[in-house]
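Engineer: What follows is input-v4.csv; its format and atoms are CSV, C-alpha atoms.
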chain,number,residue,atom,x,y,z
I,1,MET,CA,82.0,38.9,43.0
I,2,ALA,CA,82.4,41.9,40.7
I,3,GLU,CA,84.6,44.7,41.9
I,4,ARG,CA,82.8,47.9,42.5
I,5,ARG,CA,83.8,50.9,40.4
I,6,PRO,CA,82.1,53.8,42.0
I,7,GLY,CA,83.7,56.5,39.9
I,8,LYS,CA,82.8,55.0,36.5
I,9,ALA,CA,79.4,53.8,37.7
I,10,ARG,CA,78.4,57.3,38.9
I,11,ALA,CA,79.6,58.9,35.8
I,12,ARG,CA,77.2,56.8,33.7
I,13,ASP,CA,74.3,56.8,36.1
I,14,HIS,CA,71.4,58.9,34.8
I,15,ARG,CA,69.9,59.6,38.1
I,16,PRO,CA,69.8,63.4,38.8
I,17,ALA,CA,72.7,64.3,41.1
I,18,GLY,CA,71.6,64.6,44.7
I,19,ARG,CA,68.2,63.1,44.2
I,20,TRP,CA,66.8,61.6,47.3
I,21,LEU,CA,63.7,59.4,47.0
I,22,PRO,CA,61.7,58.6,50.1
I,23,ALA,CA,60.5,55.0,50.5
I,24,HIS,CA,56.8,55.9,50.0
I,25,ALA,CA,57.6,57.4,46.6
I,26,ASN,CA,59.8,54.5,45.4
I,27,PRO,CA,58.1,52.9,42.4
I,28,TYR,CA,59.4,49.5,43.5
I,29,ARG,CA,58.1,49.6,47.1
I,30,SER,CA,56.7,46.4,48.3
I,31,GLU,CA,53.0,47.3,48.3
I,32,ARG,CA,53.3,47.9,44.5
I,33,VAL,CA,55.3,44.8,43.8
I,34,THR,CA,52.9,42.6,45.7
I,35,THR,CA,50.0,43.9,43.6
I,36,LEU,CA,51.5,43.1,40.3
I,37,ARG,CA,49.2,40.9,38.3
I,38,TRP,CA,50.0,37.4,37.1
I,39,GLN,CA,51.2,37.7,33.5
I,40,GLY,CA,51.7,34.0,32.5
I,41,VAL,CA,49.4,31.3,31.3
I,42,ALA,CA,45.7,32.0,31.2
I,43,LEU,CA,43.8,31.1,34.4
I,44,GLU,CA,41.0,29.4,32.4
I,45,GLY,CA,43.4,26.7,31.2
I,46,LEU,CA,44.8,26.2,34.7
I,47,TRP,CA,41.4,25.7,36.2
I,48,THR,CA,40.7,23.0,33.6
I,49,ARG,CA,44.0,21.3,34.4
I,50,PHE,CA,43.4,21.6,38.1
I,51,ALA,CA,40.2,19.7,37.7
I,52,THR,CA,41.8,17.1,35.5
I,53,LEU,CA,44.5,16.6,38.2
I,54,GLY,CA,41.8,15.9,40.8
I,55,TRP,CA,41.8,19.3,42.5
I,56,ARG,CA,45.1,18.6,44.3
I,57,SER,CA,48.2,20.0,42.8
I,58,ALA,CA,51.3,22.2,43.1
I,59,ILE,CA,52.6,25.3,41.6
I,60,VAL,CA,56.3,24.6,41.3
I,61,GLY,CA,59.1,27.1,40.7
I,62,PRO,CA,62.2,28.7,42.1
I,63,HIS,CA,62.3,31.8,44.3
I,64,GLY,CA,60.9,34.9,42.8
I,65,SER,CA,59.3,33.1,39.8
I,66,GLY,CA,55.7,34.1,40.5
I,67,LYS,CA,54.3,31.2,42.4
I,68,THR,CA,52.6,33.3,45.1
I,69,THR,CA,51.4,35.8,42.5
I,70,LEU,CA,49.8,32.9,40.5
I,71,LEU,CA,48.3,31.3,43.6
I,72,GLU,CA,46.8,34.7,44.6
I,73,ALA,CA,45.4,35.2,41.1
I,74,LEU,CA,43.7,31.8,41.1
I,75,LEU,CA,42.3,32.3,44.6
I,76,ALA,CA,41.0,35.7,43.6
I,77,ASP,CA,39.3,34.1,40.6
I,78,ALA,CA,37.7,31.3,42.6
I,79,PRO,CA,34.5,33.2,43.5
I,80,HIS,CA,33.8,33.7,39.8
I,81,ARG,CA,33.6,29.9,39.6
I,82,GLY,CA,31.3,29.4,42.5
I,83,LEU,CA,34.2,28.5,44.8
I,84,ARG,CA,35.4,30.0,48.0
I,85,ALA,CA,39.1,30.5,48.7
I,86,ARG,CA,41.3,30.5,51.7
I,87,MET,CA,45.0,31.2,51.8
I,88,VAL,CA,47.4,29.8,54.4
I,89,ARG,CA,50.9,31.4,54.3
I,90,LEU,CA,53.6,29.2,55.8
I,91,ALA,CA,56.5,31.5,55.0
I,92,GLY,CA,57.9,32.4,58.4
I,93,ALA,CA,55.7,29.8,60.1
I,94,PRO,CA,57.2,27.2,62.4
I,95,ARG,CA,58.7,24.2,60.6
I,96,HIS,CA,55.9,22.0,61.8
I,97,PRO,CA,52.7,24.1,61.6
I,98,CYS,CA,50.4,23.3,64.5
I,99,ALA,CA,47.7,20.8,63.4
I,100,ARG,CA,45.0,22.5,65.4
I,101,ALA,CA,45.8,25.9,63.8
I,102,MET,CA,45.8,24.5,60.4
I,103,ALA,CA,42.6,22.5,60.9
I,104,SER,CA,40.8,25.6,62.2
I,105,ALA,CA,42.0,27.6,59.2
I,106,LEU,CA,40.8,25.1,56.7
I,107,ALA,CA,37.0,24.9,57.1
I,108,ALA,CA,35.5,21.6,56.0
I,109,ASP,CA,33.7,23.2,53.2
I,110,PRO,CA,33.1,21.3,49.9
I,111,THR,CA,33.2,24.6,47.9
I,112,ILE,CA,36.5,25.8,49.3
I,113,VAL,CA,39.8,25.9,47.5
I,114,VAL,CA,42.7,26.1,49.9
I,115,GLY,CA,45.9,27.8,48.8
I,116,ILE,CA,49.1,26.8,50.8
I,117,ASP,CA,51.9,29.3,50.1
I,118,GLY,CA,55.3,27.9,51.1
I,119,GLY,CA,54.5,24.2,50.9
I,120,GLU,CA,58.2,23.3,51.0
I,121,ARG,CA,58.1,24.1,54.7
I,122,LEU,CA,55.8,21.2,55.4
I,123,SER,CA,57.5,18.1,56.7
I,124,LEU,CA,56.1,14.6,55.9
I,125,ALA,CA,54.0,14.8,59.1
I,126,GLY,CA,52.8,18.3,58.1
I,127,ARG,CA,51.7,17.0,54.7
I,128,THR,CA,49.7,14.2,56.4
I,129,LEU,CA,48.0,16.8,58.7
I,130,LEU,CA,47.3,19.0,55.7
I,131,ALA,CA,45.7,16.1,53.8
I,132,ALA,CA,43.5,15.3,56.8
I,133,ALA,CA,42.6,18.9,57.4
I,134,THR,CA,41.6,19.5,53.8
I,135,ARG,CA,40.0,16.1,53.1
I,136,ARG,CA,36.6,17.7,52.4
I,137,ALA,CA,37.8,20.8,50.7
I,138,ARG,CA,37.2,21.0,46.9
I,139,GLY,CA,40.7,21.8,46.1
I,140,VAL,CA,44.2,22.2,47.5
I,141,LEU,CA,46.9,24.2,45.7
I,142,VAL,CA,50.4,24.3,47.1
I,143,THR,CA,53.3,26.4,46.1
I,144,ARG,CA,56.7,24.6,46.2
I,145,HIS,CA,60.2,24.9,45.0
I,146,SER,CA,60.2,21.3,43.6
I,147,GLY,CA,57.7,18.8,42.5
I,148,GLY,CA,57.2,15.2,43.5
I,149,TRP,CA,54.6,15.5,46.3
I,150,LEU,CA,51.5,16.6,44.4
I,151,PRO,CA,51.0,16.6,40.6
I,152,THR,CA,52.4,19.8,39.1
I,153,LEU,CA,49.7,22.2,37.9
I,154,VAL,CA,52.3,24.6,36.4
I,155,ALA,CA,56.0,25.2,36.6
I,156,THR,CA,56.6,29.0,36.9
I,157,ALA,CA,59.6,30.6,35.1
I,158,THR,CA,60.7,34.1,34.3
I,159,SER,CA,62.5,35.8,31.5
I,160,PRO,CA,64.2,39.1,30.9
I,161,GLN,CA,61.2,40.1,28.8
I,162,LEU,CA,58.9,39.5,31.8
I,163,LEU,CA,61.2,41.6,34.0
I,164,ALA,CA,61.1,44.4,31.4
I,165,ALA,CA,57.3,44.2,31.4
I,166,LEU,CA,57.1,44.5,35.2
I,167,VAL,CA,59.5,47.5,35.2
I,168,ALA,CA,57.4,49.1,32.5
I,169,GLU,CA,54.3,48.6,34.7
I,170,LEU,CA,55.9,49.8,37.9
I,171,ALA,CA,58.0,52.6,36.6
I,172,PRO,CA,57.2,53.5,33.0
I,173,GLU,CA,59.4,56.5,33.1
I,174,ASP,CA,62.4,54.3,33.9
I,175,ALA,CA,61.7,51.5,31.5
I,176,GLY,CA,63.6,52.9,28.5
I,177,ARG,CA,66.6,54.1,30.6
I,178,LEU,CA,67.0,50.8,32.3
I,179,ALA,CA,66.2,48.5,29.4
I,180,SER,CA,69.7,47.6,28.4
I,181,GLY,CA,70.7,46.6,31.9
I,182,LEU,CA,67.7,44.4,32.7
I,183,PRO,CA,68.9,41.2,31.0
I,184,ASP,CA,72.1,41.3,33.0
I,185,LEU,CA,70.2,42.1,36.2
I,186,TRP,CA,68.0,39.1,35.5
I,187,ARG,CA,70.9,36.8,34.9
I,188,ARG,CA,72.8,37.9,38.0
I,189,HIS,CA,69.8,37.1,40.1
I,190,GLN,CA,69.2,33.8,38.2
I,191,GLY,CA,65.7,34.8,37.2
I,192,ASN,CA,64.6,35.7,40.7
I,193,LEU,CA,62.3,38.7,39.9
I,194,ARG,CA,61.8,39.6,43.6
I,195,ALA,CA,65.5,40.0,43.9
I,196,CYS,CA,65.7,42.0,40.7
I,197,LEU,CA,63.0,44.4,41.8
I,198,GLY,CA,64.7,44.7,45.2
I,199,GLU,CA,67.9,45.8,43.5
I,200,LEU,CA,65.9,48.2,41.4
I,201,TYR,CA,64.3,49.6,44.6
I,202,ASP,CA,67.8,50.3,45.9
I,203,HIS,CA,68.8,51.9,42.6
I,204,ALA,CA,65.8,54.2,42.6
I,205,ALA,CA,66.4,55.1,46.2
I,206,GLY,CA,69.9,56.2,45.4
I,207,ARG,CA,71.3,53.5,47.6
I,208,ASP,CA,74.4,52.5,45.7
I,209,SER,CA,73.5,49.5,43.7
I,210,ALA,CA,77.0,49.1,42.2
I,211,TYR,CA,76.3,45.9,40.3
I,212,PHE,CA,73.3,47.2,38.5
I,213,VAL,CA,74.9,50.6,37.7
I,214,SER,CA,78.0,48.8,36.4
I,215,GLY,CA,75.7,46.6,34.3
I,216,LEU,CA,74.2,49.7,32.8
I,217,ALA,CA,77.6,51.2,32.3
I,218,ALA,CA,78.8,48.2,30.4
I,219,ASP,CA,76.0,48.7,27.9
I,220,ILE,CA,76.5,52.3,27.2
W,221,MET,CA,28.4,60.0,42.5
W,222,SER,CA,29.6,59.5,46.1
W,223,GLU,CA,31.5,62.2,47.9
W,224,LEU,CA,33.6,61.7,51.0
W,225,ALA,CA,35.5,64.5,52.7
W,226,LEU,CA,37.7,64.6,55.7
W,227,THR,CA,38.5,68.1,56.9
W,228,PRO,CA,40.8,68.6,59.8
W,229,ALA,CA,40.4,71.7,61.9
W,230,ASP,CA,41.7,74.8,60.1
W,231,GLY,CA,42.7,72.5,57.2
W,232,ARG,CA,45.8,71.6,59.1
W,233,SER,CA,47.9,68.7,58.0
W,234,TRP,CA,50.5,68.9,60.8
W,235,TRP,CA,49.7,67.8,64.3
W,236,LEU,CA,51.9,67.5,67.4
W,237,PRO,CA,52.2,64.2,69.1
W,238,CYS,CA,50.0,63.9,72.2
W,239,SER,CA,47.7,66.7,70.9
W,240,THR,CA,44.0,66.3,70.0
W,241,LEU,CA,43.2,66.1,66.3
W,242,TRP,CA,39.8,67.2,65.4
W,243,GLY,CA,37.8,68.0,62.3
W,244,VAL,CA,34.7,67.1,60.3
W,245,ALA,CA,33.8,64.1,58.2
W,246,ARG,CA,31.2,64.7,55.5
W,247,TRP,CA,29.5,62.2,53.2
W,248,ARG,CA,27.1,62.2,50.3
W,249,LEU,CA,26.4,58.7,49.1
W,250,ASP,CA,24.3,57.1,46.4
W,251,VAL,CA,23.3,54.3,48.8
W,252,ASP,CA,22.3,54.1,52.4
W,253,PRO,CA,25.3,52.5,54.0
W,254,ASP,CA,25.3,50.1,57.0
W,255,ALA,CA,28.1,52.0,58.7
W,256,ILE,CA,30.9,54.5,58.2
W,257,GLU,CA,34.1,54.1,60.0
W,258,LEU,CA,36.6,56.9,60.7
W,259,ARG,CA,40.1,55.7,61.4
W,260,LEU,CA,43.3,57.2,62.5
W,261,ILE,CA,46.1,55.1,61.2
W,262,TRP,CA,49.8,54.9,60.5
W,263,ILE,CA,51.2,52.9,57.7
W,264,THR,CA,54.7,52.0,56.6
W,265,SER,CA,55.9,51.9,53.1
W,266,GLY,CA,59.1,50.7,51.5
W,267,LYS,CA,61.2,47.7,50.7
W,268,GLY,CA,60.0,45.4,53.3
W,269,THR,CA,56.7,44.1,54.6
W,270,ARG,CA,54.1,46.8,55.1
W,271,ASP,CA,52.9,47.5,58.6
W,272,VAL,CA,49.5,49.1,59.3
W,273,GLU,CA,48.2,50.2,62.7
W,274,VAL,CA,44.7,51.4,63.4
W,275,VAL,CA,45.3,53.7,66.4
W,276,HIS,CA,41.7,54.8,66.9
W,277,ARG,CA,38.4,54.3,65.2
W,278,ILE,CA,35.0,55.8,65.4
W,279,ARG,CA,32.1,53.7,64.0
W,280,LEU,CA,28.9,55.4,62.8
W,281,ASP,CA,26.1,52.9,62.5
W,282,GLN,CA,23.3,53.7,60.1
W,283,PRO,CA,24.7,57.1,59.3
W,284,GLY,CA,22.3,57.7,56.4
W,285,PRO,CA,23.2,58.5,52.8
W,286,ALA,CA,24.3,62.1,53.6
W,287,GLY,CA,25.5,63.8,56.7
W,288,ASP,CA,28.5,65.3,58.6
W,289,ARG,CA,30.0,64.5,61.9
W,290,GLU,CA,32.7,66.2,64.0
W,291,PHE,CA,35.4,63.9,65.3
W,292,THR,CA,38.3,64.0,67.7
W,293,PHE,CA,41.2,61.7,68.1
W,294,ASP,CA,43.9,61.8,70.8
W,295,LEU,CA,47.2,61.5,69.1
W,296,PRO,CA,49.8,59.3,70.9
W,297,GLU,CA,53.4,60.1,71.6
W,298,GLY,CA,54.5,58.4,68.5
W,299,PRO,CA,55.7,57.1,66.2
W,300,TYR,CA,56.6,60.3,64.4
W,301,SER,CA,56.0,60.7,60.7
W,302,PHE,CA,59.3,59.9,58.9
W,303,ALA,CA,60.7,59.3,55.5
W,304,GLY,CA,63.8,57.3,54.7
W,305,THR,CA,65.0,55.5,51.7
W,306,LEU,CA,64.3,52.1,53.1
W,307,VAL,CA,61.1,52.8,54.9
W,308,SER,CA,58.7,55.7,55.5
W,309,LEU,CA,55.9,56.0,58.1
W,310,GLN,CA,52.9,58.0,57.3
W,311,TRP,CA,49.9,59.0,59.4
W,312,ALA,CA,46.5,59.3,57.8
W,313,LEU,CA,42.8,59.7,58.5
W,314,GLU,CA,40.5,57.3,56.7
W,315,MET,CA,36.8,57.2,56.1
W,316,VAL,CA,35.5,53.8,55.0
W,317,VAL,CA,31.9,53.1,53.9
W,318,GLU,CA,30.4,49.7,54.7
W,319,PRO,CA,29.5,47.7,52.7
W,320,GLY,CA,31.3,48.5,49.5
W,321,GLU,CA,34.6,50.0,48.4
W,322,ASP,CA,34.1,53.7,48.9
W,323,SER,CA,36.8,55.2,51.1
W,324,SER,CA,38.7,58.4,51.5
W,325,ARG,CA,42.1,59.0,52.9
W,326,LEU,CA,43.9,62.2,54.1
W,327,ASP,CA,47.6,62.1,54.8
W,328,LEU,CA,48.8,63.9,58.0
W,329,VAL,CA,52.1,64.7,59.5
W,330,VAL,CA,52.4,63.8,63.2
W,331,SER,CA,55.7,65.2,64.4
W,332,PRO,CA,57.3,67.9,66.6
W,333,THR,CA,58.3,69.6,63.4
W,334,PRO,CA,56.0,70.8,60.6
W,335,VAL,CA,57.4,68.3,58.1
W,336,GLU,CA,58.0,64.6,58.5
W,337,VAL,CA,61.4,63.5,60.0
W,338,ARG,CA,63.6,62.9,57.1
W,339,LEU,CA,66.1,60.1,57.4
W,340,ALA,CA,68.4,61.3,54.5
W,341,PRO,CA,71.7,59.8,53.8
W,342,VAL,CA,74.6,61.8,55.2
W,343,ASP,CA,77.6,62.3,52.9
W,344,GLY,CA,81.0,61.5,54.1
Turn the structure described in the file into structure tokens.
Structural biologist:
Amino acid sequence: MAERRPGKARARDHRPAGRWLPAHANPYRSERVTTLRWQGVALEGLWTRFATLGWRSAIVGPHGSGKTTLLEALLADAPHRGLRARMVRLAGAPRHPCARAMASALAADPTIVVGIDGGERLSLAGRTLLAAATRRARGVLVTRHSGGWLPTLVATATSPQLLAALVAELAPEDAGRLASGLPDLWRRHQGNLRACLGELYDHAAGRDSAYFVSGLAADI
Amino acid sequence: MSELALTPADGRSWWLPCSTLWGVARWRLDVDPDAIELRLIWITSGKGTRDVEVVHRIRLDQPGPAGDREFTFDLPEGPYSFAGTLVSLQWALEMVVEPGEDSSRLDLVVSPTPVEVRLAPVDG
């Protein structure tokens, strides 16, 4: 773990001294981050591939790589294709989601596309229940950290360039100042954009984010 | 072009907990809505999951495309409006037109003091 060097970091930090930013003004606050748009492959091609895969497939990727963002983008696009969409979020749910709750959430509608966010939480029994509950649904899209259960629709990945684009969208006034530190930030969080943006939140809030500030200092 | 306006009494934006907030809602719409809902809400903002609480609501069915209506809301003891670096809590009045996406929001401070409680870091 890197040693913190508060003196040096502060000397090279461009934040105005004594600045205090309340949470509701922080450009990286969660309600802004969760409304970031999907910036990867075009949805049109994904719908075509989804149909080719038999309308049952998975969005696969590591933490913070945009799986949920893509799933939400596809479900939001579904009505434009004459489909209805339902989202089931398993994050934070019990390990074995109740069959009855799941069945009631997934109406037996042949025009419905069901998005399951957090599919890695499903046990083998849970997957069987899911298959039964969604038997008549048009499509089932599951986000997972690894493949192997359903065919992979797309594997999500990030890059320092994508992080820079998101920072430019969330805080255009910061983008230039932070640019040199972003590749290191991305590497330290192993490409997890949610974690990167979390650290940027702390940095903007003036909550000492020693690593990021040190990363900036190294580039100056 | 639609116009929605929420005007609290005397234009006040600061209200004491447990007091009665009152004012006037006014609307001029291009369409005849099914309903207009006035809401007193608080909402959190920050690094974590957002919480929203609708504390009171007044529903106006078939309000017509234009009109005004006085409203009152009894404010609860809390939570107070506050702002910290990790999370802030803000009170607001909302006017939402149904169906559609027209809405208006007016931020308020609900606190014993005229400004939100500030959870600022303490040096040393």
Engineer: If we count all atoms listed in the file, which residues of chain I reach to within 6 Å of chain W? Please list them as a short mmCIF file (atom, residue, chain, number, x, y, z; two decimals) with C-alpha atoms, in the frame of the given file.
Structural biologist:
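Result file follows (iface-v1.cif):
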data_model
loop_
_atom_site.label_atom_id
_atom_site.label_comp_id
_atom_site.auth_asym_id
_atom_site.auth_seq_id
_atom_site.Cartn_x
_atom_site.Cartn_y
_atom_site.Cartn_z
CA PRO I 22 61.70 58.60 50.10
CA ALA I 23 60.50 55.00 50.50
CA HIS I 24 56.80 55.90 50.00
CA ARG I 29 58.10 49.60 47.10
CA SER I 30 56.70 46.40 48.30
CA ALA I 205 66.40 55.10 46.20
#
Engineer: Tell me, in Å to one decimal, how far atom CA of I:Val114 is from atom CA of I:Arg194.
Structural biologist: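 For atom CA of I:Val114 relative to atom CA of I:Arg194, the distance reads 24.2 Å.
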Engineer: Please compute the atom CA of I:Leu162-atom CA of I:Leu36 distance, one decimal, in Å.
Structural biologist: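 Computing it gives 11.8 Å between the two atoms.
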Engineer: How far is it from atom CA of W:Pro237 to atom CA of W:Pro296, in Å with one decimal?
Structural biologist: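 Rounded to one decimal, the two atoms are 5.7 Å apart.
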Engineer: List the neighbours of I:Pro110 out to 6 Å using all atoms listed in the file; skip same-chain residues closer than 4 positions along the sequence, and give me the result as a PyMOL selection string.
Structural biologist: chain I and resi 136-138
Engineer: Excluding stretch 285-295 of chain W and residues on its chain fewer than 4 positions from it, collect all residues at most 7 Å away from it, counting only C-alpha atoms, and give them as a PyMOL selection string.
Structural biologist: chain W and resi 237-253
Engineer: I want to know what sits within 10 Å of W:Trp262, based on all atoms listed in the file, with residues of the same chain fewer than 6 positions away left out; could you give that as a compact mmCIF listing (two decimals) with C-alpha atoms, in the frame of the given file?
Structural biologist:
# COMPACT_ATOMS: atom_id res chain seq x y z
CA ASP W 271 52.90 47.50 58.60
CA VAL W 272 49.50 49.10 59.30
CA GLU W 273 48.20 50.20 62.70
CA VAL W 274 44.70 51.40 63.40
CA VAL W 275 45.30 53.70 66.40
CA GLY W 298 54.50 58.40 68.50
CA PRO W 299 55.70 57.10 66.20
CA TYR W 300 56.60 60.30 64.40
CA SER W 301 56.00 60.70 60.70
CA LEU W 309 55.90 56.00 58.10
CA GLN W 310 52.90 58.00 57.30
CA TRP W 311 49.90 59.00 59.40
CA ALA W 312 46.50 59.30 57.80
CA LEU W 313 42.80 59.70 58.50
CA ASP W 327 47.60 62.10 54.80
CA LEU W 328 48.80 63.90 58.00
CA VAL W 330 52.40 63.80 63.20
Engineer: Need the shell around I:Val142: protein/DNA/RNA residues with any atom at most 8 Å away, counting all atoms listed in the file. Skip same-chain ones fewer than 5 positions apart. Format as an mmCIF file with C-alpha atoms, keeping the file's coordinate frame?
Structural biologist:
data_model
loop_
_atom_site.group_PDB
_atom_site.id
_atom_site.type_symbol
_atom_site.label_atom_id
_atom_site.label_comp_id
_atom_site.auth_asym_id
_atom_site.auth_seq_id
_atom_site.Cartn_x
_atom_site.Cartn_y
_atom_site.Cartn_z
ATOM 1 C CA SER I 57 48.200 20.000 42.800
ATOM 2 C CA ALA I 58 51.300 22.200 43.100
ATOM 3 C CA ILE I 59 52.600 25.300 41.600
ATOM 4 C CA GLY I 115 45.900 27.800 48.800
ATOM 5 C CA ILE I 116 49.100 26.800 50.800
ATOM 6 C CA ASP I 117 51.900 29.300 50.100
ATOM 7 C CA GLY I 118 55.300 27.900 51.100
ATOM 8 C CA GLY I 119 54.500 24.200 50.900
#
Engineer: Will you model N, CA and C atoms for stretch 40-53 of chain I and pass it back as a compact mmCIF listing (two decimals), in the coordinates of the input?
Structural biologist:
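Output file out.txt is given in full below:
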# COMPACT_ATOMS: atom_id res chain seq x y z
N GLY I 40 51.34 35.27 33.23
CA GLY I 40 51.70 34.00 32.50
C GLY I 40 50.50 33.37 31.87
N VAL I 41 50.47 32.06 31.96
CA VAL I 41 49.40 31.30 31.30
C VAL I 41 48.03 31.72 31.78
N ALA I 42 47.05 31.60 30.89
CA ALA I 42 45.70 32.00 31.20
C ALA I 42 45.11 31.16 32.35
N LEU I 43 44.38 31.82 33.24
CA LEU I 43 43.80 31.10 34.40
C LEU I 43 42.81 30.05 33.95
N GLU I 44 42.09 30.34 32.88
CA GLU I 44 41.00 29.40 32.40
C GLU I 44 41.62 28.00 32.22
N GLY I 45 42.74 27.94 31.51
CA GLY I 45 43.40 26.70 31.20
C GLY I 45 43.88 25.99 32.50
N LEU I 46 44.31 26.81 33.45
CA LEU I 46 44.80 26.20 34.70
C LEU I 46 43.70 25.62 35.53
N TRP I 47 42.53 26.25 35.51
CA TRP I 47 41.40 25.70 36.20
C TRP I 47 41.02 24.32 35.63
N THR I 48 41.03 24.26 34.31
CA THR I 48 40.70 23.00 33.60
C THR I 48 41.69 21.92 34.03
N ARG I 49 42.96 22.29 34.01
CA ARG I 49 44.00 21.30 34.40
C ARG I 49 43.91 20.91 35.84
N PHE I 50 43.57 21.89 36.67
CA PHE I 50 43.40 21.60 38.10
C PHE I 50 42.34 20.56 38.32
N ALA I 51 41.23 20.70 37.63
CA ALA I 51 40.20 19.70 37.70
C ALA I 51 40.62 18.34 37.23
N THR I 52 41.35 18.36 36.12
CA THR I 52 41.80 17.10 35.50
C THR I 52 42.77 16.39 36.53
N LEU I 53 43.51 17.17 37.29
CA LEU I 53 44.50 16.60 38.20
C LEU I 53 43.79 16.21 39.58
